[in-house]
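Take a look at the structure set out below.
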Amino acid sequence: MEEKVKKNAEEEQVLPEEVEIIGLKFKDTGKTYYFDPKKITLAKGDDAIVETARGLEYGTVSIGNKTVKSSEIVPPLRAVVRKATEADKKQYNTNKELEKEAMVTCQKKIEEHELTMKLIDAEYTFDRSKLMFYFTAEVRVDFRELVKDLASVFRTRIELRQIGIRDEAKMLGGIGICGRPFCCSSFLNDFAQVSIKMAKEQNLSLNSAKISGTCGRLMCCLRFEHENYENEIKKTPKNDAKVKTPDGEGVVVESSPLTGYVKVKFSSPGGDTVKSYYRDDVTVIKQNSK
């Protein structure tokens, strides 16, 4: 019997080479999730009700009906329930108003319980079967009593979710030091790893105030040109490398990977001189291992 059940489960996992999907977003800057259209046709920009692990949700179509390779999806695909009706849109807008009220109530309860946590956002599932609160905290918070209190007030399932300060910046939005809206709240779907090495390779000041975003973490934009810098750095002689130039042998004292130019110092009894060359016009004799 167990073998038969196992065999049936394996058969259910077999997918055709290509499957039809619809892509939806639940937030303007959120990820696109794939769903099974279930013979429903939707165009980009349409609103729809779909099944999710959290329950029914209201989303906006970012990819209309499309066929993709089965390797691009994570089975099983949850279903599109229907194209959003006027009643659905009204309920969605009502949920947004209720979320604002929930924020006020939750903040009062946090103060009553004297919890050291910062409330960031509140979010209802479309069918209001669950209400989620997002918060940040510097230390571990025991919010069990708070959850019980909130459940008695809202009469629905309550979930408190602790998020990081980057997620906080993404949710709240704002203007970066560049004068533009935060990348995370305007177009970035995910937070990629950013390291101090990226700032070094781009010859940026390592002053934390100059390379950190409003969230206090390294700026996400340090990664945007990282791959290009890496490729150009590989082609460019490093500082302190001994090179052969049309004017003789010298040592690289400065390099600019993006422009491709290096400055070479020549030592002579009459004094040191520095000249600029394009990297293709010099040959490395001995490269600095650093």
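Labels used: A, B, ... for chains in the order of the structure tokens, numbers from 1 for residues in each chain, and numbers from 1 for ligands as shown.
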Check region 165-281 of chain A with DSSP on the backbone and list each residue it calls helix (DSSP H, G or I), as a ChimeraX atom specification.
-> /A:165-172,183-186,196-201,208-211,220-223,226-235,279-281
Emit the selected residues as a compact mmCIF listing (two decimals), in the first residue's frame, including C-alpha atoms.
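Result file follows (selection-v8.txt):
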```
# COMPACT_ATOMS: atom_id res chain seq x y z
CA ILE A 165 16.32 47.04 8.71
CA ARG A 166 16.70 46.64 4.95
CA ASP A 167 13.19 45.21 4.77
CA GLU A 168 12.03 48.16 6.86
CA ALA A 169 13.54 50.60 4.36
CA LYS A 170 11.89 48.70 1.50
CA MET A 171 8.47 48.87 3.15
CA LEU A 172 8.63 52.49 4.29
CA CYS A 183 16.29 51.28 -5.03
CA CYS A 184 14.80 48.66 -2.71
CA SER A 185 11.40 50.35 -2.62
CA SER A 186 11.27 51.31 -6.30
CA ILE A 196 33.11 46.32 1.41
CA LYS A 197 35.28 44.73 -1.31
CA MET A 198 32.92 46.18 -3.92
CA ALA A 199 33.56 49.69 -2.62
CA LYS A 200 37.33 49.08 -2.66
CA GLU A 201 37.27 47.83 -6.25
CA SER A 208 30.88 54.28 6.20
CA ALA A 209 28.76 57.45 6.07
CA LYS A 210 29.47 57.78 2.33
CA ILE A 211 28.88 54.17 1.27
CA CYS A 220 22.64 48.24 -2.70
CA CYS A 221 23.87 50.23 -5.72
CA LEU A 222 27.47 49.20 -4.98
CA ARG A 223 26.56 45.93 -6.63
CA HIS A 226 30.40 45.29 -9.56
CA GLU A 227 30.55 42.72 -12.37
CA ASN A 228 31.72 45.32 -14.88
CA TYR A 229 34.44 46.51 -12.48
CA GLU A 230 35.60 42.94 -11.88
CA ASN A 231 35.94 42.30 -15.61
CA GLU A 232 37.85 45.55 -16.21
CA ILE A 233 40.12 45.03 -13.19
CA LYS A 234 41.22 41.65 -14.61
CA LYS A 235 42.40 43.40 -17.79
CA ARG A 279 46.61 49.35 -20.67
CA ASP A 280 46.96 47.71 -24.10
CA ASP A 281 50.15 49.72 -24.64
```
Excluding Pro237 (chain A) and any residue of its chain fewer than 2 positions from it, enumerate the residues within 9 Å of it, using only C-alpha atoms, and give them as a list in words.
->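 Counting only C-alpha atoms, the residues come to Ile233, Lys234, Lys235, Asn239, Asp240, Ala241, Lys242, Val243, Val252, Ser255, Pro257, Val262, Arg279, Val282, Thr283, Val284, Gln287 and Asn288 of chain A.
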Can I get the selection written as a CSV table (one decimal), in the first residue's frame, with N, CA and C atoms?
```csv
chain,number,residue,atom,x,y,z
A,233,ILE,N,39.0,45.1,-14.1
A,233,ILE,CA,40.1,45.0,-13.2
A,233,ILE,C,41.0,43.9,-13.6
A,234,LYS,N,40.4,42.8,-14.1
A,234,LYS,CA,41.2,41.7,-14.6
A,234,LYS,C,42.1,42.0,-15.8
A,235,LYS,N,41.7,43.0,-16.6
A,235,LYS,CA,42.4,43.4,-17.8
A,235,LYS,C,43.4,44.5,-17.5
A,239,ASN,N,48.3,48.2,-9.2
A,239,ASN,CA,49.2,49.1,-8.6
A,239,ASN,C,50.5,48.4,-8.2
A,240,ASP,N,51.6,49.0,-8.4
A,240,ASP,CA,53.0,48.4,-8.0
A,240,ASP,C,53.4,47.3,-9.0
A,241,ALA,N,52.7,47.1,-10.0
A,241,ALA,CA,53.1,46.1,-11.0
A,241,ALA,C,54.2,46.7,-11.9
A,242,LYS,N,55.3,45.9,-12.2
A,242,LYS,CA,56.4,46.4,-13.0
A,242,LYS,C,55.9,46.1,-14.5
A,243,VAL,N,56.0,47.2,-15.3
A,243,VAL,CA,55.5,47.0,-16.7
A,243,VAL,C,56.5,47.6,-17.6
A,252,VAL,N,53.6,50.8,-12.0
A,252,VAL,CA,52.2,51.3,-12.0
A,252,VAL,C,51.9,52.0,-10.7
A,255,SER,N,45.8,53.2,-11.3
A,255,SER,CA,45.1,52.6,-12.4
A,255,SER,C,43.6,53.0,-12.4
A,257,PRO,N,40.4,51.2,-14.0
A,257,PRO,CA,39.9,50.1,-14.7
A,257,PRO,C,38.8,50.5,-15.8
A,262,VAL,N,46.5,53.6,-17.1
A,262,VAL,CA,47.3,53.5,-15.9
A,262,VAL,C,48.4,54.5,-15.9
A,279,ARG,N,46.1,50.6,-21.2
A,279,ARG,CA,46.6,49.4,-20.7
A,279,ARG,C,47.1,48.4,-21.8
A,282,VAL,N,50.9,48.7,-22.6
A,282,VAL,CA,51.9,48.3,-21.6
A,282,VAL,C,51.9,46.7,-21.5
A,283,THR,N,53.0,46.2,-21.1
A,283,THR,CA,53.2,44.7,-20.9
A,283,THR,C,53.6,44.5,-19.4
A,284,VAL,N,52.9,43.7,-18.7
A,284,VAL,CA,53.3,43.4,-17.3
A,284,VAL,C,54.5,42.5,-17.3
A,287,GLN,N,53.7,41.2,-11.8
A,287,GLN,CA,52.5,41.6,-11.2
A,287,GLN,C,52.5,41.5,-9.7
A,288,ASN,N,52.0,42.6,-9.1
A,288,ASN,CA,52.0,42.6,-7.6
A,288,ASN,C,50.9,41.5,-7.2
```
Among region 147-191 of chain A, which ones does DSSP place in strand (DSSP E or B), written as a list in words?
->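 The strand (DSSP E or B) residues within region 147-191 of chain A come out as Arg157, Ile158, Glu159, Leu160, Arg161, Gln162, Ile175 and Pro181 of chain A.
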List the neighbours of Leu42 (chain A) out to 8 Å using only C-alpha atoms; skip same-chain residues closer than 5 positions along the sequence, and give me the result as a list in words.
->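 That gives Ile22, Val61, Gly64, Asn65 and Lys83 of chain A.
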Residue neighbourhood Tyr92 (chain A), 8 Å, only C-alpha atoms, exclusion window fewer than 4 positions, as an MDAnalysis selection string = chainID A and resid 58 88 96 126
Considering only C-alpha atoms, return as a ChimeraX atom specification whatever protein or nucleic-acid residues lie within 12 Å of region 29-39 of chain A, sequence-local ones (same chain, fewer than 5 positions apart) excluded.
-> /A:19-24,44,48-52,57,59-68,70,72-83,167,170-171,173,182-191
